[in-house]
Each structure stands twice: as structure tokens, then as C-alpha cells.
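Chemist: Enclosed is the structure file final29.pdb (PDB, C-alpha atoms, pLDDT in the B column).
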ATOM      1  CA  MET A   1      94.052  73.636  98.814  1.00 94.00           C
ATOM      2  CA  SER A   2      95.681  76.192  96.552  1.00 96.00           C
ATOM      3  CA  ILE A   3      96.553  79.853  96.901  1.00 98.00           C
ATOM      4  CA  ILE A   4      95.551  81.978  93.948  1.00 97.00           C
ATOM      5  CA  GLU A   5      95.206  85.635  93.076  1.00 98.00           C
ATOM      6  CA  TYR A   6      91.713  87.082  93.403  1.00 97.00           C
ATOM      7  CA  SER A   7      89.335  86.842  90.470  1.00 96.00           C
ATOM      8  CA  ASP A   8      85.812  88.236  90.187  1.00 96.00           C
ATOM      9  CA  LYS A   9      84.334  84.742  90.231  1.00 96.00           C
ATOM     10  CA  TYR A  10      85.044  84.654  93.980  1.00 97.00           C
ATOM     11  CA  THR A  11      83.526  88.037  94.866  1.00 97.00           C
ATOM     12  CA  GLU A  12      80.647  86.677  96.944  1.00 96.00           C
ATOM     13  CA  ASP A  13      82.933  84.291  98.860  1.00 96.00           C
ATOM     14  CA  VAL A  14      85.260  87.203  99.654  1.00 97.00           C
ATOM     15  CA  LYS A  15      82.377  89.362 100.867  1.00 97.00           C
ATOM     16  CA  HIS A  16      81.175  86.511 103.067  1.00 95.00           C
ATOM     17  CA  LEU A  17      84.627  86.083 104.643  1.00 96.00           C
ATOM     18  CA  LEU A  18      84.971  89.822 105.287  1.00 96.00           C
ATOM     19  CA  LYS A  19      81.616  89.745 107.057  1.00 95.00           C
ATOM     20  CA  GLU A  20      82.675  86.661 109.035  1.00 94.00           C
ATOM     21  CA  LEU A  21      85.733  88.554 110.273  1.00 94.00           C
ATOM     22  CA  GLN A  22      83.621  91.515 111.366  1.00 95.00           C
ATOM     23  CA  GLU A  23      81.171  89.204 113.135  1.00 94.00           C
ATOM     24  CA  TYR A  24      84.098  87.789 115.085  1.00 92.00           C
ATOM     25  CA  ILE A  25      85.332  91.288 115.989  1.00 93.00           C
ATOM     26  CA  VAL A  26      81.819  92.247 117.112  1.00 94.00           C
ATOM     27  CA  SER A  27      81.638  89.132 119.282  1.00 94.00           C
ATOM     28  CA  ILE A  28      84.851  89.967 121.188  1.00 92.00           C
ATOM     29  CA  ASP A  29      84.358  93.747 121.501  1.00 90.00           C
ATOM     30  CA  PRO A  30      83.713  94.439 125.203  1.00 88.00           C
ATOM     31  CA  TYR A  31      82.693  98.040 124.449  1.00 85.00           C
ATOM     32  CA  HIS A  32      80.140  96.930 121.830  1.00 86.00           C
ATOM     33  CA  PHE A  33      81.314  99.719 119.510  1.00 85.00           C
ATOM     34  CA  ASN A  34      81.777  97.485 116.464  1.00 85.00           C
ATOM     35  CA  ILE A  35      78.656  96.771 114.448  1.00 84.00           C
ATOM     36  CA  ILE A  36      77.577  95.163 111.208  1.00 89.00           C
ATOM     37  CA  ASN A  37      75.131  97.120 109.081  1.00 89.00           C
ATOM     38  CA  ASP A  38      72.951  95.441 106.455  1.00 91.00           C
ATOM     39  CA  ASP A  39      75.240  96.742 103.699  1.00 93.00           C
ATOM     40  CA  TYR A  40      78.511  95.946 105.508  1.00 94.00           C
ATOM     41  CA  LYS A  41      79.660  93.298 103.004  1.00 94.00           C
ATOM     42  CA  GLU A  42      79.223  95.639 100.051  1.00 96.00           C
ATOM     43  CA  LYS A  43      80.887  98.617 101.721  1.00 96.00           C
ATOM     44  CA  ILE A  44      83.909  96.793 103.146  1.00 96.00           C
ATOM     45  CA  PHE A  45      84.473  94.950  99.868  1.00 97.00           C
ATOM     46  CA  LYS A  46      84.409  98.229  97.907  1.00 98.00           C
ATOM     47  CA  LYS A  47      86.676  99.960 100.448  1.00 97.00           C
ATOM     48  CA  ASP A  48      89.207  97.133 100.422  1.00 97.00           C
ATOM     49  CA  MET A  49      89.217  96.754  96.646  1.00 98.00           C
ATOM     50  CA  ASP A  50      89.668 100.529  96.220  1.00 97.00           C
ATOM     51  CA  GLU A  51      92.647 100.318  98.615  1.00 96.00           C
ATOM     52  CA  VAL A  52      94.123  97.504  96.520  1.00 97.00           C
ATOM     53  CA  LYS A  53      93.594  99.403  93.271  1.00 97.00           C
ATOM     54  CA  ASN A  54      94.997 102.692  94.576  1.00 96.00           C
ATOM     55  CA  ASN A  55      97.968 101.264  96.489  1.00 96.00           C
ATOM     56  CA  ASN A  56      99.545  98.582  94.285  1.00 95.00           C
ATOM     57  CA  GLY A  57      97.860  95.912  96.365  1.00 97.00           C
ATOM     58  CA  LYS A  58      97.102  92.235  96.012  1.00 98.00           C
ATOM     59  CA  VAL A  59      94.388  89.870  97.127  1.00 98.00           C
ATOM     60  CA  TYR A  60      95.263  86.222  97.565  1.00 98.00           C
ATOM     61  CA  LEU A  61      92.721  83.509  98.205  1.00 98.00           C
ATOM     62  CA  ALA A  62      93.016  80.070  99.746  1.00 98.00           C
ATOM     63  CA  VAL A  63      90.688  77.903  97.667  1.00 97.00           C
ATOM     64  CA  ASN A  64      89.587  74.357  98.359  1.00 95.00           C
ATOM     65  CA  GLN A  65      87.253  72.564  95.938  1.00 94.00           C
ATOM     66  CA  ASP A  66      86.450  75.900  94.249  1.00 93.00           C
ATOM     67  CA  LYS A  67      85.393  77.472  97.570  1.00 94.00           C
ATOM     68  CA  VAL A  68      87.302  80.322  99.220  1.00 97.00           C
ATOM     69  CA  ILE A  69      88.340  79.293 102.732  1.00 97.00           C
ATOM     70  CA  GLY A  70      90.728  82.155 103.431  1.00 97.00           C
ATOM     71  CA  LEU A  71      91.931  85.471 102.125  1.00 98.00           C
ATOM     72  CA  ILE A  72      94.603  88.076 102.614  1.00 98.00           C
ATOM     73  CA  ILE A  73      94.543  91.637 101.306  1.00 98.00           C
ATOM     74  CA  GLY A  74      97.684  93.722 101.263  1.00 98.00           C
ATOM     75  CA  VAL A  75      98.658  97.156  99.992  1.00 97.00           C
ATOM     76  CA  ILE A  76     101.901  99.050  99.601  1.00 95.00           C
ATOM     77  CA  ARG A  77     102.300 102.389 101.301  1.00 90.00           C
ATOM     78  CA  LYS A  78     104.765 104.597  99.446  1.00 82.00           C
ATOM     79  CA  PRO A  79     107.544 106.564 101.162  1.00 76.00           C
ATOM     80  CA  CYS A  80     106.278 109.528 103.143  1.00 69.00           C
ATOM     81  CA  THR A  81     108.215 112.743 103.658  1.00 66.00           C
ATOM     82  CA  ASP A  82     105.341 115.153 104.311  1.00 64.00           C
ATOM     83  CA  PHE A  83     105.898 115.416 108.052  1.00 62.00           C
ATOM     84  CA  ASP A  84     108.692 116.109 110.499  1.00 55.00           C
ATOM     85  CA  TYR A  85     109.728 112.482 110.207  1.00 57.00           C
ATOM     86  CA  GLU A  86     110.479 110.509 107.086  1.00 55.00           C
ATOM     87  CA  ARG A  87     109.730 107.003 105.974  1.00 61.00           C
ATOM     88  CA  LEU A  88     111.993 106.486 103.013  1.00 66.00           C
ATOM     89  CA  ASN A  89     110.978 102.938 102.113  1.00 80.00           C
ATOM     90  CA  ASN A  90     107.937 101.192 100.766  1.00 86.00           C
ATOM     91  CA  MET A  91     105.906  99.601 103.541  1.00 90.00           C
ATOM     92  CA  GLY A  92     103.627  96.611 103.094  1.00 95.00           C
ATOM     93  CA  GLU A  93     100.385  96.627 105.014  1.00 95.00           C
ATOM     94  CA  VAL A  94      98.064  93.675 105.501  1.00 97.00           C
ATOM     95  CA  ILE A  95      94.589  95.174 105.711  1.00 96.00           C
ATOM     96  CA  GLU A  96      92.601  91.927 105.945  1.00 96.00           C
ATOM     97  CA  LEU A  97      93.437  88.329 106.800  1.00 97.00           C
ATOM     98  CA  VAL A  98      90.662  85.884 107.553  1.00 96.00           C
ATOM     99  CA  ILE A  99      90.295  82.132 107.476  1.00 96.00           C
ATOM    100  CA  THR A 100      86.812  80.674 107.570  1.00 94.00           C
ATOM    101  CA  LYS A 101      85.892  79.407 111.021  1.00 90.00           C
ATOM    102  CA  ASN A 102      85.821  75.702 110.080  1.00 89.00           C
ATOM    103  CA  THR A 103      89.371  75.675 108.678  1.00 90.00           C
ATOM    104  CA  ARG A 104      91.360  77.753 111.186  1.00 87.00           C
ATOM    105  CA  SER A 105      94.538  76.432 112.845  1.00 87.00           C
ATOM    106  CA  LYS A 106      95.502  74.322 109.826  1.00 93.00           C
ATOM    107  CA  GLY A 107      98.345  76.496 108.493  1.00 93.00           C
ATOM    108  CA  ILE A 108      96.287  78.300 105.863  1.00 97.00           C
ATOM    109  CA  GLY A 109      96.788  81.737 107.415  1.00 95.00           C
ATOM    110  CA  SER A 110     100.558  81.234 107.535  1.00 96.00           C
ATOM    111  CA  LYS A 111     100.601  80.200 103.863  1.00 97.00           C
ATOM    112  CA  LEU A 112      98.596  83.277 102.875  1.00 98.00           C
ATOM    113  CA  LEU A 113     100.819  85.510 104.996  1.00 97.00           C
ATOM    114  CA  LYS A 114     103.957  84.048 103.379  1.00 97.00           C
ATOM    115  CA  LYS A 115     102.505  84.638  99.902  1.00 98.00           C
ATOM    116  CA  MET A 116     101.821  88.289 100.755  1.00 98.00           C
ATOM    117  CA  GLU A 117     105.256  88.699 102.338  1.00 97.00           C
ATOM    118  CA  ASP A 118     106.840  87.402  99.109  1.00 98.00           C
ATOM    119  CA  TYR A 119     104.831  89.945  97.126  1.00 98.00           C
ATOM    120  CA  PHE A 120     105.917  92.771  99.435  1.00 96.00           C
ATOM    121  CA  LYS A 121     109.562  91.682  99.140  1.00 95.00           C
ATOM    122  CA  SER A 122     109.263  91.719  95.344  1.00 96.00           C
ATOM    123  CA  CYS A 123     108.095  95.349  95.603  1.00 94.00           C
ATOM    124  CA  ASP A 124     111.094  96.314  97.753  1.00 91.00           C
ATOM    125  CA  CYS A 125     109.113  96.792 100.954  1.00 92.00           C
ATOM    126  CA  LYS A 126     111.309  96.944 104.054  1.00 89.00           C
ATOM    127  CA  THR A 127     108.566  96.408 106.655  1.00 90.00           C
ATOM    128  CA  ILE A 128     105.083  94.971 106.936  1.00 94.00           C
ATOM    129  CA  ASN A 129     102.459  96.383 109.275  1.00 92.00           C
ATOM    130  CA  ILE A 130      99.286  94.690 110.449  1.00 94.00           C
ATOM    131  CA  ASP A 131      96.660  96.220 112.729  1.00 92.00           C
ATOM    132  CA  VAL A 132      95.081  93.732 115.113  1.00 91.00           C
ATOM    133  CA  PHE A 133      92.026  94.466 117.232  1.00 90.00           C
ATOM    134  CA  GLY A 134      93.279  94.677 120.805  1.00 87.00           C
ATOM    135  CA  TYR A 135      90.905  92.003 122.124  1.00 89.00           C
ATOM    136  CA  ASN A 136      91.769  89.558 119.336  1.00 91.00           C
ATOM    137  CA  ASP A 137      94.114  87.347 121.351  1.00 90.00           C
ATOM    138  CA  PHE A 138      93.920  84.575 118.741  1.00 89.00           C
ATOM    139  CA  GLY A 139      95.046  86.992 116.013  1.00 92.00           C
ATOM    140  CA  LYS A 140      97.833  88.480 118.114  1.00 91.00           C
ATOM    141  CA  SER A 141      99.252  85.057 118.988  1.00 92.00           C
ATOM    142  CA  PHE A 142      99.083  84.055 115.303  1.00 93.00           C
ATOM    143  CA  TYR A 143     101.158  87.059 114.240  1.00 94.00           C
ATOM    144  CA  ILE A 144     103.663  86.555 117.070  1.00 93.00           C
ATOM    145  CA  LYS A 145     104.121  82.939 115.886  1.00 95.00           C
ATOM    146  CA  ASN A 146     104.841  84.381 112.429  1.00 92.00           C
ATOM    147  CA  ASN A 147     107.558  86.701 113.828  1.00 95.00           C
ATOM    148  CA  TYR A 148     105.570  89.946 114.018  1.00 92.00           C
ATOM    149  CA  HIS A 149     106.097  92.273 116.967  1.00 92.00           C
ATOM    150  CA  ASN A 150     104.332  95.229 118.550  1.00 88.00           C
ATOM    151  CA  ARG A 151     105.706  98.486 117.226  1.00 85.00           C
ATOM    152  CA  MET A 152     102.907 100.835 118.216  1.00 82.00           C
ATOM    153  CA  VAL A 153     100.061 100.133 120.621  1.00 83.00           C
ATOM    154  CA  THR A 154      96.866 102.167 120.773  1.00 82.00           C
ATOM    155  CA  MET A 155      95.499 102.429 124.289  1.00 82.00           C
ATOM    156  CA  SER A 156      91.773 102.923 124.782  1.00 81.00           C
ATOM    157  CA  LYS A 157      89.464 103.759 127.658  1.00 81.00           C
ATOM    158  CA  LYS A 158      85.698 103.694 127.522  1.00 81.00           C
ATOM    159  CA  ILE A 159      84.216 106.757 129.158  1.00 80.00           C
ATOM    160  CA  ASP A 160      80.663 107.704 129.902  1.00 71.00           C
ATOM    161  CA  TYR A 161      79.886 111.389 129.689  1.00 61.00           C
ATOM    162  CA  LYS A 162      77.621 111.030 132.735  1.00 63.00           C
ATOM    163  CA  ASP A 163      80.599 109.910 134.841  1.00 56.00           C
ATOM    164  CA  ASN A 164      82.345 113.201 134.045  1.00 54.00           C
ATOM    165  CA  GLY A 165      79.449 115.469 134.932  1.00 53.00           C
ATOM    166  CA  TRP A 166      78.768 116.446 131.301  1.00 49.00           C
TER     167      TRP A 166
END
Let me see the file written as C-alpha cells.
Modeler:
Amino acid sequence: MSIIEYSDKYTEDVKHLLKELQEYIVSIDPYHFNIINDDYKEKIFKKDMDEVKNNNGKVYLAVNQDKVIGLIIGVIRKPCTDFDYERLNNMGEVIELVITKNTRSKGIGSKLLKKMEDYFKSCDCKTINIDVFGYNDFGKSFYIKNNYHNRMVTMSKKIDYKDNGW
């Protein structure tokens, strides 16, 4: 297995992995809010690649026998001083990390994460943020094992307009 930078030859493998991640999220969503449309693969791939292009990002692939078995996509958020608070440093953000189902728990995710962390360090990032779906216990435990910590937590409550008399 090797870790390489993305090339167009792996586009379809990347799209497949992005869809596999969304299928997993859909399967663990107790609210059933997450969906996969017919054109999901195309749209998420374009969105992610635009993020990479517009935010000094990188895509790294874990490849085994010329097949992509994992990927990580990261971008760099520039300092922000437009609000009442300031973030004076570059911030790395992992926007996608997925390992194909058959090869999880073999250290591939940690290797990809380390590769992205090295890239962020080379760009003078001081922090790395990763959003994890709240019901993704496997993902949360993976990041904790890799020394990530909660900084912000989004709380959610499903409501039914009928319950509120609307």
C-alpha cells in the first residue's frame, strides 16, 4: 500500500469512496435526514475538488494494487478577522476521510491523517479541525486515538411541527 497525491486516473475510485462514506452516514442517521441522490457522487466530488482548488488543499490516496482503498481531503482556511473575534493563523481542515469498508482498522486512516497533518504543518497551520457526524462513534473514537479533541459540539433535537401545535 502506498500513499500518493490525487491524480485524475483515480477519479471514479474517489467518487465511489465518497459515496460509500455517505451510505455509511445514511445508515447510522437516526433522524433519516441524510440521503443519497442519484447524482450524489458527481456533486460531492465537484464540491470537494472546488474546495481543494480554492483553499490550497490536498487530496491524498491510499492505493493498493492500483486501486484506491482510502482517501483524505484537506483544505487550509486562511486567517479571519472579519468578526468580533480573530483567528490569526492558518487552520487545516479535513473535509473527507474514508477507508473502504473491507480495509478499515488496518492503520490506513492514521497514515492518511499523518500525511495530511504533515502538509498542514508545512503550510504553517496551527490547528486542524475535523467535523464528525454525531452518531459516528467509530469515527469519533478514531480521531480520539489520533489525539483530536472536542472543541465545539453541535447539539440537535428532532422536532415535529405537529407536536408544537403548528
Chemist: Need the shell around Phe120 in chain A: protein/DNA/RNA residues with any atom at most 9 Å away, counting only C-alpha atoms. Skip same-chain ones fewer than 4 positions apart. Format as a list in words?
Modeler: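 Residues meeting the cut-off are Gly74, Val75, Ile76, Asn90, Met91, Gly92, Glu93, Lys115, Met116, Asp124, Cys125, Lys126, Thr127 and Ile128 of chain A.
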Chemist: Counting all atoms listed in the file, what is within 12 Å of Gly107 in chain A, bar same-chain residues fewer than 4 positions away, as a ChimeraX atom specification?
Modeler: /A:1,62,69-70,99,103,111-114,142,145-146
Chemist: May I have the selected residues written with C-alpha atoms, as a PDB file, in the frame of the given file?
Modeler:
ATOM      1  CA  MET A   1      94.052  73.636  98.814  1.00 94.00           C
ATOM      2  CA  ALA A  62      93.016  80.070  99.746  1.00 98.00           C
ATOM      3  CA  ILE A  69      88.340  79.293 102.732  1.00 97.00           C
ATOM      4  CA  GLY A  70      90.728  82.155 103.431  1.00 97.00           C
ATOM      5  CA  ILE A  99      90.295  82.132 107.476  1.00 96.00           C
ATOM      6  CA  THR A 103      89.371  75.675 108.678  1.00 90.00           C
ATOM      7  CA  LYS A 111     100.601  80.200 103.863  1.00 97.00           C
ATOM      8  CA  LEU A 112      98.596  83.277 102.875  1.00 98.00           C
ATOM      9  CA  LEU A 113     100.819  85.510 104.996  1.00 97.00           C
ATOM     10  CA  LYS A 114     103.957  84.048 103.379  1.00 97.00           C
ATOM     11  CA  PHE A 142      99.083  84.055 115.303  1.00 93.00           C
ATOM     12  CA  LYS A 145     104.121  82.939 115.886  1.00 95.00           C
ATOM     13  CA  ASN A 146     104.841  84.381 112.429  1.00 92.00           C
TER      14      ASN A 146
END
Chemist: Could you list, as a ChimeraX atom specification, every residue matched by the PyMOL selection byres ((chain A and resi 23) around 12) in this structure?
Modeler: /A:16-22,24-29,32,34-37,40-41,98,100-101
Chemist: In Å, how far is it from CA of Val94 in chain A to CA of Phe45 in chain A?
Modeler: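 So the two atoms, CA of Val94 in chain A and CA of Phe45 in chain A, lie 14.8 Å apart.
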Chemist: Between CA of Lys140 in chain A and CA of Glu117 in chain A, what is the distance in Å, rounded to a tenth?
Modeler: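 One can read the CA of Lys140 in chain A to CA of Glu117 in chain A distance as 17.4 Å.
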Chemist: What do you get, as a tab-separated table (two decimals) with C-alpha atoms, in the coordinates of the input, if you spell out every residue that the PyMOL selection byres ((chain A and resi 156) around 12) selects here?
Modeler:
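selection35.tsv, freshly written:
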chain	number	residue	atom	x	y	z
A	30	PRO	CA	83.71	94.44	125.20
A	31	TYR	CA	82.69	98.04	124.45
A	133	PHE	CA	92.03	94.47	117.23
A	134	GLY	CA	93.28	94.68	120.80
A	135	TYR	CA	90.90	92.00	122.12
A	153	VAL	CA	100.06	100.13	120.62
A	154	THR	CA	96.87	102.17	120.77
A	155	MET	CA	95.50	102.43	124.29
A	157	LYS	CA	89.46	103.76	127.66
A	158	LYS	CA	85.70	103.69	127.52
A	159	ILE	CA	84.22	106.76	129.16
Chemist: CA of Tyr60 in chain A to CA of Glu12 in chain A: how many Å, to one decimal?
Modeler: 14.6 Å
Chemist: Put a box with edges along x, y and z around all the listed atoms of range 7-12 of chain A, pad it by 4 Å on each side, then give me its centre and sizes in Å, one decimal, as lines of an AutoDock Vina configuration file.
Modeler:
center_x = 85.0
center_y = 86.4
center_z = 93.6
size_x = 16.7
size_y = 11.6
size_z = 14.8
Chemist: Starting from the displayed file, determine the output of the PyMOL selection byres ((chain A and resi 150) around 12) and express the residue list as a ChimeraX atom specification.
Modeler: /A:128-132,134,140-141,143-144,147-149,151-154
Chemist: Out of A:Leu97, A:Ile4, A:Cys123, A:Val14, which residue has the shortest atom-to-atom distance to Met49 in chain A when counting only C-alpha atoms?
Modeler: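 Nearest to Met49 in chain A: A:Val14.
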Chemist: Go through A:Gly109, A:Ile3, A:Tyr119, A:Phe33 and flag the residue nearest Lys67 in chain A, using all atoms listed in the file for the distances.
Modeler: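 The answer is A:Ile3, which sits nearest to Lys67 in chain A.
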Chemist: Pick out the closest residue to Glu96 in chain A from this set: A:Val63, A:Lys121, A:Lys15, A:Asp137. Count all atoms listed in the file.
Modeler: A:Lys15
Chemist: Missing atoms in range 113-136 of chain A: can you complete it with N, CA and C atoms, as a short mmCIF file (atom, residue, chain, number, x, y, z; two decimals), in the frame of the given file?
Modeler:
data_model
loop_
_atom_site.label_atom_id
_atom_site.label_comp_id
_atom_site.auth_asym_id
_atom_site.auth_seq_id
_atom_site.Cartn_x
_atom_site.Cartn_y
_atom_site.Cartn_z
N LEU A 113 99.92 84.47 104.52
CA LEU A 113 100.82 85.51 105.00
C LEU A 113 102.16 85.43 104.27
N LYS A 114 102.69 84.24 104.10
CA LYS A 114 103.96 84.05 103.38
C LYS A 114 103.84 84.51 101.93
N LYS A 115 102.73 84.21 101.29
CA LYS A 115 102.50 84.64 99.90
C LYS A 115 102.52 86.16 99.81
N MET A 116 101.85 86.83 100.76
CA MET A 116 101.82 88.29 100.76
C MET A 116 103.20 88.85 101.08
N GLU A 117 103.90 88.25 102.01
CA GLU A 117 105.26 88.70 102.34
C GLU A 117 106.17 88.62 101.11
N ASP A 118 106.04 87.54 100.33
CA ASP A 118 106.84 87.40 99.11
C ASP A 118 106.50 88.51 98.12
N TYR A 119 105.23 88.85 98.01
CA TYR A 119 104.83 89.94 97.13
C TYR A 119 105.44 91.26 97.61
N PHE A 120 105.35 91.53 98.90
CA PHE A 120 105.92 92.77 99.44
C PHE A 120 107.43 92.83 99.20
N LYS A 121 108.12 91.72 99.40
CA LYS A 121 109.56 91.68 99.14
C LYS A 121 109.85 92.00 97.68
N SER A 122 109.04 91.48 96.77
CA SER A 122 109.26 91.72 95.34
C SER A 122 109.05 93.18 94.97
N CYS A 123 108.34 93.91 95.82
CA CYS A 123 108.10 95.35 95.60
C CYS A 123 109.02 96.21 96.45
N ASP A 124 110.06 95.62 96.99
CA ASP A 124 111.09 96.31 97.75
C ASP A 124 110.57 96.96 99.04
N CYS A 125 109.57 96.32 99.64
CA CYS A 125 109.11 96.79 100.95
C CYS A 125 110.14 96.37 102.00
N LYS A 126 110.35 97.24 102.98
CA LYS A 126 111.31 96.94 104.05
C LYS A 126 110.62 96.50 105.34
N THR A 127 109.33 96.81 105.48
CA THR A 127 108.57 96.41 106.66
C THR A 127 107.15 96.03 106.24
N ILE A 128 106.49 95.32 107.12
CA ILE A 128 105.08 94.97 106.94
C ILE A 128 104.36 95.32 108.23
N ASN A 129 103.28 96.04 108.12
CA ASN A 129 102.46 96.38 109.28
C ASN A 129 101.11 95.68 109.18
N ILE A 130 100.60 95.32 110.34
CA ILE A 130 99.29 94.69 110.45
C ILE A 130 98.62 95.25 111.70
N ASP A 131 97.43 95.81 111.57
CA ASP A 131 96.66 96.22 112.73
C ASP A 131 95.83 95.04 113.21
N VAL A 132 95.84 94.82 114.51
CA VAL A 132 95.08 93.73 115.11
C VAL A 132 94.21 94.33 116.21
N PHE A 133 92.93 94.01 116.19
CA PHE A 133 92.03 94.47 117.23
C PHE A 133 92.57 94.02 118.58
N GLY A 134 92.63 94.92 119.52
CA GLY A 134 93.28 94.68 120.80
C GLY A 134 92.75 93.47 121.57
N TYR A 135 91.50 93.12 121.39
CA TYR A 135 90.90 92.00 122.12
C TYR A 135 90.99 90.69 121.34
N ASN A 136 91.64 90.74 120.18
CA ASN A 136 91.77 89.56 119.34
C ASN A 136 93.04 88.79 119.73
#
